[in-house]
Amino acid sequence: MIIRITPGCSLCHIAGDIPQLRALCSRKKDLEELNVLTSKLWCWDYPAFMAPPLQQPHFLLANLKTDWAIKPLLQRCQELVKVIDDQPAKELHLIFPWLVESIFGSLDGVIGGWNLRFLQARNNEYNIAMQFLDPSGPMMKLVYKLQAEEYKYDVPVTCLPGPLKASIQEGTIPDCPLFHKLQLPLSGQMSVSLSFNPFEYYMFYFSLSLITQRNHPGGLHVSTSDSAYFTLVDIYLKYFLPTEGNVPLSPFSDIRATVPPPAPRSPSAPIAGYGISSTRLLKRHISHQPSGSVDPAAQEIWRTETLLQMFVEIWLHHYSLEMYQKLQSPQAKEPFSPTEEHVLVVRLLVKHLHTFSNSLKPEPASPSPSAQPQASPLEEFKRVVISRFVQQKLYIFLQHCFGHWPLDASFRAVLETWLSYIQPWRYTSEKSNPSLDSQNKNVPEKWATFVQENLLMYTKLFQGFLNRAVRTDLVNSKNALMVFRVAKVFAQPNLSEMIQKGEQLFLEPEDVLHHRHQRLFLSPAHGGSFLSSRQPAEADAVFKVKSHVYSLEGQDCQYKQMFGTEQRNAVMQLVQLLAQAQQTTKRLSDCSGEAAAKQSFLSWFGVGSSDLNSTYTGGELDETGESGKKTHEHLERALDYLCQIFRLNAGQVCQLIENMAAAKNDVGSKQLPDCIQGQNGLILTDLGRMQIINGLRRFEIEYQGDPELQPIRSYENAFLVRLLFWIASLVNQRFGGHMGALCVRGDFLGRLGQYYFMSDTSAERCSKSPVTRRSLERHPGPRLSLRLFASYRTILAILLLYLLGALFSLSPLSSTGLILMATFIHGLFMTVLPEKQKKQ
């Protein structure tokens, strides 16, 4: 390829033609020559009169953008690794924002990036993405390389989640160091932005990509636990919040990935108090130590704190409008509906934080109090990570989900997140004995402090779950399993006693607490008690419990005791529903067994059941066999656990179950659900709805339109149905008046005509199912119906009669006459005995 450049052309024209020239390059060698040429052009020292001074465009970014659209992921990553290794930080600084957005997607959701949430392990690109984004991979090397040069990147406040954006826009900065780096808008700009260092910028995009709506690839079944995003969250948590040892130093020894301490906040900026302050814990470890004795872990611990703060603020900082008003915080400007994937990632965070916090090393005993060894920065972080960073926001997040999540099986993700948080003893390094049932183990006494300091997590959220459980169909196997899971957790020995102790501490009167403070440190020689050594600890526990409740619910909260009278009545209601669901499950299981036993070879012909209006009998169709037995077992065990937790009277519960068993007779008698007569028909009451939900009573739902126009059944021949309907319509249209005149006669012929030509009356239909006024008015007159002869059962019966006649040497014509005579005699008999008339 030959390119001629005349002395009169300017660099502006050359730069404008380069994209077209690049598109014309068909060979790799031509493209390389063009790149060399463009790099030399900008090195020439043109005189001032030949071209005006121009700002040098970034050709590295242009090349990457061009290659990004046409090359596969593997080749793109290989070229990026080479660029990161070879190029200086000054060049990489310009491509870093574009690269982050190309991987995680844009903040507005238009650019999907690599779609890490939908990238499954079975995909070929999964391993490529995981290696590139690994904590020791090329992308993190780029972050550390830019971190060493202290570059900054701006993020508009408008791109933050709703509550954070509303808080900052209203002038109240959240109490988190990440959001104290506000940049005032420049001239001509309207929006305020946040200034992040490279690590913060990278983690911000990574965190926000979970809650940003992306286009789901159609036709793919995506498993959250197998996605690249879920796996990367797990890897980052284990790397930056290790349970053993310190946070690994930068894997690139030639890079000092440190961060300067944040600038002090302006006194004019108000701070909204969301509980305990979450300012940087470890600044003093870095800034107050001599340079020669600085702990390397203290230099790297800022990454741990930054990652956790970013995860918590982005994933959990979503409050409902009611909670905003209660906490006197800025009101939410956007609705918040977390997805199941979002909740599962939060559960992963909760589980790892419990494991991380429980890996705290015990403090070594020191011979002298003045020589207490100072804990390492990471150990100090483990001590406060749950209470300071997660507790409050997770409580409001879960409370929002409990109140707004749909009443379906997807609530299981929220439920397991809650149960994971309130059971930190499950995530300890202590090895349990597998021979012992975990349900029979006592919760260790050392967890009493955790239960007391998280009292609302146990009591308030249990009440929220109870309100949901009484409104769900407990015959559903998934709903029954959720009730069983909650009851099993709260039935662990010692746990209910710990919760009751926490409630007693919270309900301690203020005057008693004040009086106790007056004599906290009195020794026996000065009038104190020999038990005074226990008083400071108890008073401190009272203070912590009250502080926990008031910080989350406000000073004017009306606390409802978990073991109070009101709560016990709600539990008794749930027990009643469990007993009802238990009886319904057993009945459905028995009915399915009987139906299977009654099946026969002739069922294909419709001999087994000829009822055109046979309907669904309530409950779930899949609750049969082993599934039904499992559901019955879950309901029974949940009932036992609730009796253990709340110490319910065994005799009262047994009587309740017997009453529910007696209610089975109501089902056998086919009584209608409780309802009242309205203007247009029956209207269900609340009791009637509960009876239908639990399968105790049901309507006989049947077709109430014209019997001749109901859908063709599986045991009917479609061609014969249509043909016979056409023939009957012609007869009815021609002789309809004569049929009507015959049926109104009061003599024997009139009653015979009513038997053959009259359809079922409205009164007969009304006795089986609710009818409306419109259905009462839609009553057809006398007419001929031939649809009976389109049934395979009728056809089979007629064929058998003809075969029987052939055995007696009767001709088809003689057999037809005998059949018609028998039918006429049957009609005469049914007319003579009107009380035994049935529907034809």
# chains A, B, ... in the order shown; residues from 1 in each chain; ligands from 1
$ closest_atom_pairs --of "segment 187-213 of chain A" --to "segment 87-108 of chain A" --cutoff "9 Å" --atoms "only C-alpha atoms" --output "tab-separated table"
residue	atom	partner	partner_atom	distance
A:Pro198	CA	A:Phe96	CA	8.5
A:Tyr201	CA	A:Pro97	CA	8.6
A:Tyr202	CA	A:Val100	CA	6.7
A:Tyr205	CA	A:Phe104	CA	6.4
A:Phe206	CA	A:Phe104	CA	6.3
A:Leu208	CA	A:Leu107	CA	7.7
A:Ser209	CA	A:Phe104	CA	6.1
A:Thr212	CA	A:Leu107	CA	7.2
A:Gln213	CA	A:Asp108	CA	8.4
$ closest_residue --among "A:Leu495, A:Leu249, A:Leu308, A:Leu232" --to "Cys176 of chain A" --atoms "only C-alpha atoms"
A:Leu308
$ atom_distance --atom1 "atom CA of Ser337 of chain A" --atom2 "atom CA of His400 of chain A"
9.1 Å
$ closest_residue --among "A:Arg697, A:His354, A:Arg122, A:Lys630" --to "Thr428 of chain A" --atoms "only C-alpha atoms"
A:His354
$ decode --residues "segment 394-486 of chain A" --atoms "C-alpha atoms" --output "compact mmCIF listing (two decimals), in the first residue's frame"
# COMPACT_ATOMS: atom_id res chain seq x y z
CA LEU A 394 -29.28 -5.48 56.12
CA TYR A 395 -32.13 -5.20 58.65
CA ILE A 396 -33.90 -2.52 56.62
CA PHE A 397 -33.18 -4.41 53.39
CA LEU A 398 -34.75 -7.61 54.76
CA GLN A 399 -37.68 -5.76 56.32
CA HIS A 400 -38.42 -4.18 52.95
CA CYS A 401 -38.30 -7.60 51.26
CA PHE A 402 -40.54 -9.17 53.91
CA GLY A 403 -43.16 -6.50 53.34
CA HIS A 404 -43.05 -6.19 49.54
CA TRP A 405 -41.97 -9.57 48.13
CA PRO A 406 -44.66 -11.51 46.23
CA LEU A 407 -46.34 -14.40 48.06
CA ASP A 408 -44.66 -17.09 45.98
CA ALA A 409 -41.83 -19.59 46.25
CA SER A 410 -39.17 -17.08 45.16
CA PHE A 411 -39.28 -15.71 48.72
CA ARG A 412 -37.04 -18.66 49.64
CA ALA A 413 -33.98 -16.59 48.65
CA VAL A 414 -34.91 -13.82 51.13
CA LEU A 415 -35.72 -16.41 53.80
CA GLU A 416 -32.36 -18.17 53.51
CA THR A 417 -30.51 -14.83 53.62
CA TRP A 418 -32.27 -14.00 56.88
CA LEU A 419 -31.65 -17.44 58.38
CA SER A 420 -27.98 -17.26 57.40
CA TYR A 421 -27.53 -13.97 59.23
CA ILE A 422 -29.23 -15.05 62.47
CA GLN A 423 -27.15 -18.25 62.69
CA PRO A 424 -23.51 -17.10 62.82
CA TRP A 425 -22.56 -20.26 64.74
CA ARG A 426 -22.98 -22.22 61.52
CA TYR A 427 -19.97 -20.44 60.00
CA THR A 428 -17.30 -21.19 62.57
CA SER A 429 -14.17 -23.25 62.15
CA GLU A 430 -15.22 -25.62 64.94
CA LYS A 431 -15.72 -29.13 63.64
CA SER A 432 -19.08 -30.60 64.58
CA ASN A 433 -19.75 -34.24 65.32
CA PRO A 434 -21.71 -35.61 62.35
CA SER A 435 -23.14 -38.43 64.46
CA LEU A 436 -25.21 -35.94 66.47
CA ASP A 437 -28.34 -34.35 65.09
CA SER A 438 -27.72 -30.65 64.63
CA GLN A 439 -31.19 -29.94 65.99
CA ASN A 440 -30.24 -31.43 69.36
CA LYS A 441 -27.17 -29.24 69.82
CA ASN A 442 -27.38 -26.25 72.09
CA VAL A 443 -26.52 -22.86 70.73
CA PRO A 444 -23.30 -21.94 72.59
CA GLU A 445 -23.71 -19.34 75.31
CA LYS A 446 -21.08 -17.11 73.72
CA TRP A 447 -23.62 -16.20 71.03
CA ALA A 448 -26.02 -14.66 73.54
CA THR A 449 -24.36 -11.26 73.00
CA PHE A 450 -24.89 -11.51 69.24
CA VAL A 451 -28.56 -12.41 69.73
CA GLN A 452 -29.10 -9.49 72.11
CA GLU A 453 -27.35 -6.99 69.85
CA ASN A 454 -29.42 -8.21 66.86
CA LEU A 455 -32.70 -8.63 68.71
CA LEU A 456 -34.90 -7.12 65.99
CA MET A 457 -33.39 -9.49 63.44
CA TYR A 458 -34.98 -12.34 65.40
CA THR A 459 -38.21 -10.88 66.78
CA LYS A 460 -39.40 -8.24 64.30
CA LEU A 461 -38.55 -10.27 61.21
CA PHE A 462 -40.14 -13.39 62.71
CA GLN A 463 -43.34 -11.41 63.11
CA GLY A 464 -43.03 -10.32 59.48
CA PHE A 465 -42.62 -13.93 58.37
CA LEU A 466 -45.62 -14.96 60.46
CA ASN A 467 -47.77 -12.37 58.70
CA ARG A 468 -46.70 -13.82 55.36
CA ALA A 469 -47.16 -17.47 56.35
CA VAL A 470 -50.82 -17.10 57.35
CA ARG A 471 -51.59 -15.63 53.91
CA THR A 472 -50.00 -18.41 51.85
CA ASP A 473 -51.26 -21.78 50.68
CA LEU A 474 -49.57 -24.15 53.12
CA VAL A 475 -50.64 -27.16 51.04
CA ASN A 476 -48.05 -25.98 48.55
CA SER A 477 -44.90 -28.01 49.17
CA LYS A 478 -42.56 -25.00 48.82
CA ASN A 479 -44.52 -22.88 51.28
CA ALA A 480 -44.66 -25.77 53.75
CA LEU A 481 -40.90 -26.18 53.44
CA MET A 482 -40.31 -22.50 54.26
CA VAL A 483 -42.43 -22.69 57.43
CA PHE A 484 -40.57 -25.84 58.42
CA ARG A 485 -37.17 -24.17 57.87
CA VAL A 486 -38.02 -21.19 60.07
